[in-house]
$ cat data-v2.cif   # mmCIF, C-alpha atoms
data_input
loop_
_atom_site.label_atom_id
_atom_site.label_comp_id
_atom_site.auth_asym_id
_atom_site.auth_seq_id
_atom_site.Cartn_x
_atom_site.Cartn_y
_atom_site.Cartn_z
CA MET A 3 9.96 22.81 -25.90
CA SER A 4 10.89 21.46 -29.33
CA ASN A 5 14.38 20.32 -28.26
CA VAL A 6 13.28 18.09 -25.37
CA ARG A 7 14.74 14.57 -25.42
CA PHE A 8 12.69 11.75 -23.90
CA ILE A 9 14.72 8.99 -22.29
CA GLY A 10 13.53 5.52 -21.33
CA LEU A 11 15.47 3.48 -18.78
CA ASP A 12 15.11 -0.24 -18.14
CA VAL A 13 16.57 -0.39 -14.64
CA HIS A 14 17.98 -3.54 -13.05
CA ALA A 15 20.10 -4.14 -9.97
CA GLU A 16 23.42 -3.96 -11.84
CA THR A 17 22.60 -2.48 -15.26
CA VAL A 18 20.47 0.19 -16.91
CA ALA A 19 19.44 -0.05 -20.58
CA VAL A 20 19.05 3.42 -22.11
CA ALA A 21 17.03 4.61 -25.11
CA VAL A 22 16.39 8.15 -26.39
CA ALA A 23 13.46 9.55 -28.36
CA GLU A 24 14.91 12.51 -30.24
CA PRO A 25 12.92 15.70 -31.01
CA ASP A 26 13.05 14.92 -34.75
CA GLY A 27 11.24 11.61 -34.25
CA GLU A 28 14.14 9.15 -34.16
CA VAL A 29 14.15 6.59 -31.32
CA ARG A 30 17.50 4.92 -30.76
CA SER A 31 19.22 2.76 -28.17
CA MET A 32 22.13 4.17 -26.18
CA GLY A 33 23.29 0.78 -24.95
CA VAL A 34 23.68 -0.42 -21.36
CA ILE A 35 25.40 1.35 -18.48
CA PRO A 36 26.21 0.16 -14.95
CA ASN A 37 23.61 1.05 -12.33
CA ARG A 38 25.97 3.37 -10.47
CA SER A 39 25.74 7.05 -9.57
CA GLU A 40 28.84 7.95 -11.55
CA SER A 41 27.51 6.24 -14.70
CA ILE A 42 24.20 8.09 -14.41
CA ARG A 43 26.00 11.44 -14.03
CA LYS A 44 28.06 10.71 -17.15
CA LEU A 45 24.88 9.79 -19.05
CA VAL A 46 23.19 13.07 -18.15
CA LYS A 47 26.29 15.04 -19.14
CA LYS A 48 26.47 13.18 -22.46
CA LEU A 49 22.80 13.64 -23.40
CA GLY A 50 22.74 17.39 -22.95
CA PRO A 51 21.47 20.12 -20.64
CA ALA A 52 19.49 18.68 -17.73
CA GLU A 53 16.54 21.02 -18.31
CA GLN A 54 16.04 19.53 -21.79
CA LEU A 55 15.83 15.92 -20.58
CA ARG A 56 12.71 13.97 -19.57
CA VAL A 57 13.47 10.56 -18.09
CA CYS A 58 11.21 7.69 -17.10
CA TYR A 59 11.56 4.12 -15.85
CA GLU A 60 9.22 1.47 -14.50
CA ALA A 61 8.50 1.06 -10.81
CA GLY A 62 10.06 -2.13 -9.50
CA PRO A 63 12.33 -3.76 -6.93
CA THR A 64 15.11 -1.19 -7.43
CA GLY A 65 12.95 1.44 -5.73
CA TYR A 66 13.46 5.15 -6.26
CA VAL A 67 17.25 5.44 -6.03
CA VAL A 68 17.65 6.34 -9.72
CA TYR A 69 14.80 8.84 -9.41
CA TRP A 70 16.53 10.67 -6.54
CA GLU A 71 19.88 10.62 -8.34
CA LEU A 72 18.38 12.16 -11.49
CA THR A 73 16.32 14.81 -9.69
CA ALA A 74 19.40 15.80 -7.71
CA LEU A 75 21.08 16.48 -11.08
CA GLY A 76 18.18 18.74 -12.11
CA VAL A 77 16.60 16.22 -14.51
CA LYS A 78 12.84 15.78 -14.56
CA CYS A 79 12.20 12.09 -13.92
CA GLU A 80 9.00 10.07 -13.57
CA VAL A 81 8.50 6.53 -12.32
CA VAL A 82 5.73 4.87 -14.32
CA ALA A 83 3.30 2.05 -13.57
CA PRO A 84 4.59 -1.10 -15.34
CA THR A 85 1.12 -2.65 -15.67
CA LEU A 86 -0.10 0.39 -17.64
CA VAL A 87 2.69 0.46 -20.23
CA PRO A 88 1.15 -0.15 -23.69
CA VAL A 89 1.93 -3.56 -25.18
CA LYS A 90 1.52 -4.41 -28.88
CA ALA A 91 -0.66 -7.43 -29.61
CA GLY A 92 1.46 -10.32 -30.82
CA ASP A 93 4.74 -8.89 -29.50
CA ARG A 94 6.53 -11.92 -28.02
CA VAL A 95 10.11 -10.63 -27.93
CA LYS A 96 11.16 -8.93 -24.70
CA THR A 97 14.68 -7.66 -24.06
CA ASP A 98 16.13 -4.83 -21.98
CA ARG A 99 16.95 -2.88 -25.14
CA ARG A 100 13.43 -3.22 -26.56
CA ASP A 101 11.88 -2.31 -23.19
CA ALA A 102 13.94 0.88 -23.02
CA LEU A 103 12.98 1.81 -26.59
CA LYS A 104 9.30 1.20 -25.85
CA LEU A 105 9.46 3.38 -22.73
CA ALA A 106 11.12 6.26 -24.59
CA ARG A 107 8.63 6.08 -27.45
CA SER A 108 5.57 5.80 -25.18
CA TYR A 109 6.84 8.55 -22.88
CA ARG A 110 7.17 10.99 -25.78
CA ALA A 111 3.63 10.07 -26.91
CA GLY A 112 2.23 10.69 -23.41
CA ASP A 113 0.98 7.12 -23.03
CA LEU A 114 2.60 6.37 -19.65
CA THR A 115 1.06 6.76 -16.20
CA PRO A 116 3.41 8.06 -13.48
CA VAL A 117 3.19 6.73 -9.93
CA TRP A 118 3.53 8.73 -6.74
CA VAL A 119 7.09 8.83 -5.43
CA PRO A 120 7.16 9.08 -1.62
CA ASP A 121 9.38 11.56 0.13
CA ALA A 122 11.93 10.38 2.70
CA ALA A 123 9.50 10.53 5.65
CA HIS A 124 6.74 8.60 3.88
CA GLU A 125 9.13 6.02 2.48
CA ALA A 126 10.66 5.34 5.91
CA LEU A 127 7.22 4.92 7.46
CA ARG A 128 6.08 2.70 4.60
CA ASP A 129 9.10 0.42 5.01
CA LEU A 130 8.23 0.03 8.69
CA VAL A 131 4.53 -0.78 8.22
CA ARG A 132 5.34 -3.21 5.41
CA ALA A 133 7.85 -4.94 7.69
CA ARG A 134 5.06 -5.38 10.25
CA GLU A 135 2.73 -6.70 7.56
CA ALA A 136 5.37 -9.26 6.54
CA ALA A 137 5.77 -10.24 10.20
CA LYS A 138 2.01 -10.78 10.52
CA LYS A 139 2.07 -13.10 7.50
CA ASP A 140 5.01 -15.01 8.96
CA GLN A 141 3.14 -15.30 12.26
CA LEU A 142 0.14 -16.79 10.49
CA ARG A 143 2.35 -19.37 8.76
CA ALA A 144 4.07 -20.26 12.05
CA ARG A 145 0.74 -20.72 13.79
CA HIS A 146 -0.56 -22.88 10.94
CA ARG A 147 2.49 -25.14 11.12
CA LEU A 148 2.14 -25.65 14.86
CA GLY A 149 -1.64 -26.03 14.76
CA LYS A 150 -1.59 -28.58 11.92
CA PHE A 151 1.22 -30.51 13.61
CA LEU A 152 -0.84 -30.88 16.79
CA LEU A 153 -3.99 -31.73 14.83
CA ARG A 154 -2.15 -34.37 12.81
CA HIS A 155 -1.22 -36.15 16.02
CA GLY A 156 -4.59 -35.76 17.68
CA ARG A 157 -3.47 -33.31 20.35
CA ARG A 158 -6.47 -31.19 21.40
CA PRO A 159 -7.18 -29.25 24.61
CA SER A 160 -9.62 -30.96 26.99
CA THR A 161 -11.64 -27.76 27.40
CA THR A 162 -12.88 -25.23 24.87
CA MET A 163 -10.51 -22.28 24.45
CA ASN A 164 -9.73 -19.69 21.82
CA SER A 165 -6.69 -20.43 19.71
CA TRP A 166 -3.46 -18.50 20.25
CA THR A 167 -4.53 -16.88 23.49
CA GLN A 168 -2.19 -17.03 26.47
CA THR A 169 -4.28 -19.90 27.87
CA HIS A 170 -3.92 -21.81 24.61
CA LEU A 171 -0.15 -21.31 24.47
CA THR A 172 0.14 -22.45 28.09
CA TRP A 173 -1.68 -25.64 27.14
CA VAL A 174 0.60 -26.18 24.12
CA LYS A 175 3.62 -26.09 26.44
CA THR A 176 2.15 -29.01 28.41
CA VAL A 177 1.99 -31.24 25.31
CA HIS A 178 4.70 -33.91 25.08
CA PHE A 179 5.57 -36.67 22.63
CA GLU A 180 7.12 -40.05 23.16
CA HIS A 181 9.69 -39.69 20.39
CA ALA A 182 12.50 -37.17 20.75
CA ALA A 183 12.22 -36.14 17.09
CA GLN A 184 8.60 -35.08 17.52
CA GLU A 185 9.41 -33.32 20.77
CA ALA A 186 12.11 -31.32 18.98
CA THR A 187 9.66 -30.47 16.20
CA LEU A 188 7.10 -29.20 18.69
CA LEU A 189 9.65 -27.03 20.49
CA ASP A 190 10.86 -25.56 17.20
CA TYR A 191 7.33 -24.70 16.03
CA LEU A 192 6.46 -23.22 19.43
CA HIS A 193 9.66 -21.16 19.50
CA GLU A 194 8.83 -19.75 16.05
CA VAL A 195 5.33 -18.73 17.16
CA GLU A 196 6.73 -16.93 20.22
CA HIS A 197 9.49 -15.34 18.13
CA MET A 198 6.92 -13.96 15.67
CA ALA A 199 4.88 -12.48 18.53
CA ASP A 200 8.01 -10.73 19.89
CA ARG A 201 8.89 -9.50 16.42
CA ILE A 202 5.44 -7.93 15.88
CA GLU A 203 5.50 -6.31 19.31
CA ARG A 204 8.93 -4.83 18.57
CA LEU A 205 7.80 -3.44 15.22
CA GLU A 206 4.63 -1.93 16.72
CA ARG A 207 6.75 -0.13 19.32
CA ALA A 208 8.89 1.19 16.46
CA ILE A 209 5.73 2.41 14.71
CA ASP A 210 4.70 4.25 17.90
CA ASP A 211 8.10 5.95 18.01
CA ALA A 212 7.95 6.79 14.30
CA VAL A 213 4.55 8.46 14.68
CA ARG A 214 5.76 10.58 17.61
CA THR A 215 8.72 11.84 15.55
CA ALA A 216 6.85 12.21 12.24
CA PRO A 217 6.31 15.67 10.67
CA GLU A 218 3.43 17.54 12.30
CA ARG A 219 1.32 17.56 9.12
CA MET A 220 1.60 13.79 8.75
CA ARG A 221 0.96 13.18 12.43
CA ALA A 222 -2.22 15.30 12.31
CA VAL A 223 -3.66 13.17 9.50
CA ILE A 224 -2.78 9.93 11.32
CA GLU A 225 -4.56 11.15 14.47
CA ALA A 226 -7.60 12.35 12.53
CA LEU A 227 -8.06 9.08 10.60
CA GLN A 228 -8.27 7.19 13.89
CA ALA A 229 -11.60 8.93 14.53
CA LEU A 230 -13.10 6.49 12.01
CA ARG A 231 -14.48 3.22 13.29
CA GLY A 232 -12.23 0.27 12.45
CA ILE A 233 -9.11 2.39 11.92
CA ALA A 234 -6.65 2.32 14.82
CA GLN A 235 -3.08 3.60 14.75
CA VAL A 236 -1.47 0.87 12.63
CA SER A 237 -4.20 1.14 9.98
CA ALA A 238 -4.00 4.94 9.94
CA VAL A 239 -0.22 4.85 9.61
CA THR A 240 -0.49 2.34 6.76
CA ILE A 241 -2.96 4.55 4.89
CA VAL A 242 -0.79 7.65 5.22
CA ALA A 243 2.40 5.77 4.35
CA GLU A 244 0.89 4.14 1.25
CA VAL A 245 -1.10 7.12 -0.07
CA GLY A 246 0.99 10.09 0.99
CA GLU A 247 -0.97 13.33 0.93
CA LEU A 248 -4.64 12.52 0.41
CA SER A 249 -5.24 15.95 -1.10
CA ARG A 250 -3.22 14.93 -4.18
CA PHE A 251 -6.41 13.21 -5.33
CA PRO A 252 -8.89 15.84 -6.60
CA LYS A 253 -11.85 13.52 -6.03
CA PRO A 254 -12.46 10.54 -3.71
CA ARG A 255 -13.23 8.33 -6.71
CA GLN A 256 -9.63 8.68 -7.80
CA LEU A 257 -8.47 7.41 -4.41
CA MET A 258 -10.83 4.46 -4.83
CA GLY A 259 -9.26 3.75 -8.22
CA TYR A 260 -5.77 4.02 -6.69
CA SER A 261 -6.72 1.26 -4.25
CA GLY A 262 -7.93 -1.06 -7.00
CA ALA A 263 -11.26 -1.51 -5.21
CA VAL A 264 -13.42 -0.30 -8.12
CA ALA A 265 -15.42 -2.66 -10.32
CA SER A 266 -13.99 -3.87 -13.61
CA GLU A 267 -16.05 -3.25 -16.74
CA ASP A 268 -16.35 -4.85 -20.17
CA SER A 269 -18.93 -2.84 -22.12
CA SER A 270 -19.57 -2.50 -25.82
CA GLY A 271 -22.39 -0.72 -27.61
CA GLY A 272 -25.55 -1.05 -25.55
CA ARG A 273 -24.14 -3.92 -23.48
CA ILE A 274 -22.78 -3.04 -20.04
CA ARG A 275 -21.04 -5.76 -18.06
CA ARG A 276 -19.31 -5.12 -14.73
CA GLY A 277 -17.25 -7.69 -12.88
CA GLY A 278 -15.19 -7.98 -9.73
CA ILE A 279 -12.81 -5.31 -8.49
CA THR A 280 -9.84 -4.54 -10.72
CA LYS A 281 -7.15 -5.04 -8.02
CA THR A 282 -4.91 -2.86 -10.23
CA GLY A 283 -3.90 -0.58 -7.40
CA ASN A 284 -2.17 -0.45 -4.05
CA ALA A 285 -2.83 -3.84 -2.44
CA HIS A 286 -1.63 -2.71 1.00
CA LEU A 287 -4.13 0.16 1.09
CA ARG A 288 -6.93 -2.07 -0.19
CA ARG A 289 -6.27 -4.72 2.46
CA VAL A 290 -6.29 -2.25 5.36
CA VAL A 291 -9.48 -0.52 4.21
CA ILE A 292 -11.41 -3.74 3.63
CA GLU A 293 -10.34 -5.04 7.04
CA ALA A 294 -11.61 -1.81 8.61
CA ALA A 295 -14.89 -2.10 6.71
CA TRP A 296 -15.89 -5.18 8.72
CA ALA A 297 -16.49 -2.88 11.72
CA TYR A 298 -19.44 -1.26 9.94
CA ARG A 299 -21.61 -4.36 10.06
CA TYR A 300 -22.48 -3.25 13.62
CA ARG A 301 -24.90 -0.47 14.49
CA PRO A 302 -23.43 3.04 14.84
CA ALA A 303 -21.86 3.48 18.27
CA VAL A 304 -18.86 5.07 19.94
CA GLY A 305 -17.21 2.57 22.23
CA ALA A 306 -14.54 3.20 24.83
CA ALA A 307 -11.61 2.56 22.49
CA LEU A 308 -13.02 4.77 19.73
CA ARG A 309 -13.91 7.53 22.20
CA LYS A 310 -10.33 7.51 23.46
CA ARG A 311 -9.00 7.85 19.90
CA GLN A 312 -11.34 10.79 19.23
CA VAL A 313 -10.26 12.83 22.26
CA SER A 314 -7.62 14.80 20.34
CA VAL A 315 -9.52 15.38 17.08
CA SER A 316 -11.70 18.33 16.09
CA GLN A 317 -15.48 18.38 16.07
CA ASP A 318 -15.52 18.55 12.26
CA VAL A 319 -13.58 15.29 12.02
CA LYS A 320 -15.87 13.64 14.58
CA GLU A 321 -18.89 14.63 12.53
CA ILE A 322 -17.42 13.08 9.38
CA ALA A 323 -16.63 9.89 11.31
CA TRP A 324 -20.17 9.73 12.74
CA LYS A 325 -21.67 10.29 9.31
CA ALA A 326 -19.49 7.45 8.02
CA GLN A 327 -20.90 5.07 10.64
CA HIS A 328 -24.50 5.75 9.63
CA ARG A 329 -23.84 5.74 5.89
CA LEU A 330 -21.67 2.62 5.82
CA HIS A 331 -23.80 0.57 8.21
CA ALA A 332 -26.87 1.37 6.10
CA ARG A 333 -24.93 0.38 2.99
CA TYR A 334 -23.93 -2.92 4.60
CA ARG A 335 -27.54 -3.72 5.55
CA HIS A 336 -28.84 -2.75 2.12
CA LEU A 337 -26.39 -4.95 0.23
CA THR A 338 -26.89 -7.86 2.62
CA ALA A 339 -30.68 -7.62 2.16
CA ARG A 340 -30.14 -7.85 -1.60
CA GLY A 341 -28.45 -11.21 -1.11
CA LYS A 342 -24.85 -10.13 -1.64
CA CYS A 343 -22.25 -12.33 0.05
CA LYS A 344 -20.41 -10.83 3.01
CA GLN A 345 -17.10 -10.46 1.20
CA GLU A 346 -18.65 -8.53 -1.70
CA THR A 347 -20.61 -6.38 0.74
CA VAL A 348 -17.58 -5.53 2.86
CA THR A 349 -15.54 -4.74 -0.27
CA ALA A 350 -18.22 -2.27 -1.38
CA VAL A 351 -18.31 -0.73 2.11
CA GLY A 352 -14.51 -0.45 2.10
CA ARG A 353 -14.62 1.36 -1.22
CA GLU A 354 -17.03 3.94 0.23
CA LEU A 355 -14.95 4.17 3.40
CA LEU A 356 -12.14 5.52 1.22
CA GLY A 357 -14.38 8.51 0.47
CA PHE A 358 -14.60 9.39 4.17
CA ILE A 359 -10.86 8.83 4.58
CA TRP A 360 -10.31 11.26 1.69
CA ALA A 361 -12.68 13.83 3.25
CA ILE A 362 -10.87 13.77 6.60
CA GLY A 363 -7.42 13.84 5.03
CA VAL A 364 -8.21 16.75 2.71
CA GLN A 365 -9.71 18.81 5.53
CA VAL A 366 -6.78 18.25 7.88
CA GLU A 367 -4.16 18.89 5.19
CA ALA A 368 -5.91 22.05 3.98
CA HIS A 369 -6.88 23.61 7.31
CA GLY A 370 -4.72 21.85 9.89
CA ARG A 371 -7.73 21.09 12.03
CA GLY A 372 -7.18 17.42 12.75
CA ALA A 373 -6.39 17.90 16.40
CA GLN A 374 -8.16 20.19 18.83
CA SER A 375 -4.89 21.80 19.83
CA VAL A 376 -4.23 22.75 16.20
CA ALA A 377 -7.75 24.04 15.74
CA ALA A 378 -7.43 26.23 18.78
#
$ encode --input "data-v2.cif" --output "structure tokens"
Amino acid sequence: MSNVRFIGLDVHAETVAVAVAEPDGEVRSMGVIPNRSESIRKLVKKLGPAEQLRVCYEAGPTGYVVYWELTALGVKCEVVAPTLVPVKAGDRVKTDRRDALKLARSYRAGDLTPVWVPDAAHEALRDLVRAREAAKKDQLRARHRLGKFLLRHGRRPSTTMNSWTQTHLTWVKTVHFEHAAQEATLLDYLHEVEHMADRIERLERAIDDAVRTAPERMRAVIEALQALRGIAQVSAVTIVAEVGELSRFPKPRQLMGYSGAVASEDSSGGRIRRGGITKTGNAHLRRVVIEAAWAYRYRPAVGAALRKRQVSVSQDVKEIAWKAQHRLHARYRHLTARGKCKQETVTAVGRELLGFIWAIGVQVEAHGRGAQSVAA
């Protein structure tokens, strides 16, 4: 379409800077509008027929509200990855107006990379699992504060016990200090640790409820992914919430790239130099997968917990999960024998684990055979 207008938006909490790349080549600023639904409707009406507009803006803290408002008006909109927007060498001036102009110009040239925009069900689930992840981080900080406070004052249990078990917390409650200020500090730190534990338990119950009420297609993938060793319900929910439909990736390598777990490379001519992982991807997905990869340092086996998770999945999914155990454990042993450190080895295993996650997700989404009841 020769009359398509490409629009770049620099979206902030209260304002939106607008720029337009015209069909004849001109790129001009349209000024700044309030970040309100009525202002966006007026902008679309002013710029022309909705079917002739192509709008983009960078992913950021404002989420996808503008995206949903524009698509509801019939405008094609894409949210682009901010780290992949081209930047001119030596450009040291950054303003909202210039950012909008750059987006419009790059969008018309096809130089921008769109990100996946979750639907309402995936976004709700993602908000919940990210809230739990934040609670886990807060719990770790609370435990560190209490543990370092006790260590600083030489308070140690008389017998060996694992930290943060019920036995350990019972012992902490028997600790007392001579000064009232230190006693108040101890009680505050202990209360925060217990509060964090209650918060995580509450969020995990909410995740259980969310899975039971999730769309059947999504629920089938969550159940099927739990057939893999190291992936229980919270990990499976996180993967589905962060990735969406796994079949949107034509190849597993693209899913690996999406996670940022692929090796960086700096090659020129005959020289090939590869470095650490890029980390230019979804950090939440990468964290969950690498945590799960630690389970593959053990020999292939189906324990009681894993067997229970596999009860409702099809034989095809079980076979993929069993193949993953053999393949990934062998990979772990091979890399360890070569002298790789454990963290590098587990990262490599996690990257390959994404291939098996992709295989299970694609099969379930295509054939609906995640659960035995569906297969029947």
$ residues_around --input "data-v2.cif" --residues "Gln54 in chain A" --least-positions-apart "3" --cutoff "10 Å" --atoms "all atoms listed in the file" --output "PyMOL selection string"
chain A and resi 3-8+49-51+76-78
$ resolve_selection --input "data-v2.cif" --expression "the PyMOL selection byres ((chain A and resi 100-116) around 6)" --output "list in words"
Phe8, Ile9, Gly10, Leu11, Asp12, Val20, Ala21, Val22, Ala23, Glu80, Val81, Val82, Ala83, Val87, Thr97, Asp98, Arg99 and Val117 of chain A
$ resolve_selection --input "data-v2.cif" --expression "the PyMOL selection byres ((chain A and resi 361) around 12)" --output "PyMOL selection string"
chain A and resi 223+226-227+230+247-249+251-255+257+318-323+325-326+354-360+362-368+372
$ atom_distance --input "data-v2.cif" --atom1 "CA of Tyr191 in chain A" --atom2 "CA of Ala144 in chain A"
6.8 Å
$ atom_distance --input "data-v2.cif" --atom1 "CA of Glu244 in chain A" --atom2 "CA of Tyr59 in chain A"
20.2 Å
$ resolve_selection --input "data-v2.cif" --expression "the PyMOL selection byres ((chain A and resi 167-184) around 10)" --output "list in words"
Leu148, Gly149, Phe151, Leu152, His155, Arg157, Arg158, Pro159, Ser160, Thr162, Met163, Asn164, Ser165, Trp166, Glu185, Ala186, Thr187, Leu188, Leu189, Asp190, Leu192, Val195 and Glu196 of chain A
$ closest_residue --input "data-v2.cif" --among "A:Ile202, A:Val34, A:Val67, A:Cys79" --to "Leu130 in chain A" --atoms "only C-alpha atoms"
A:Ile202
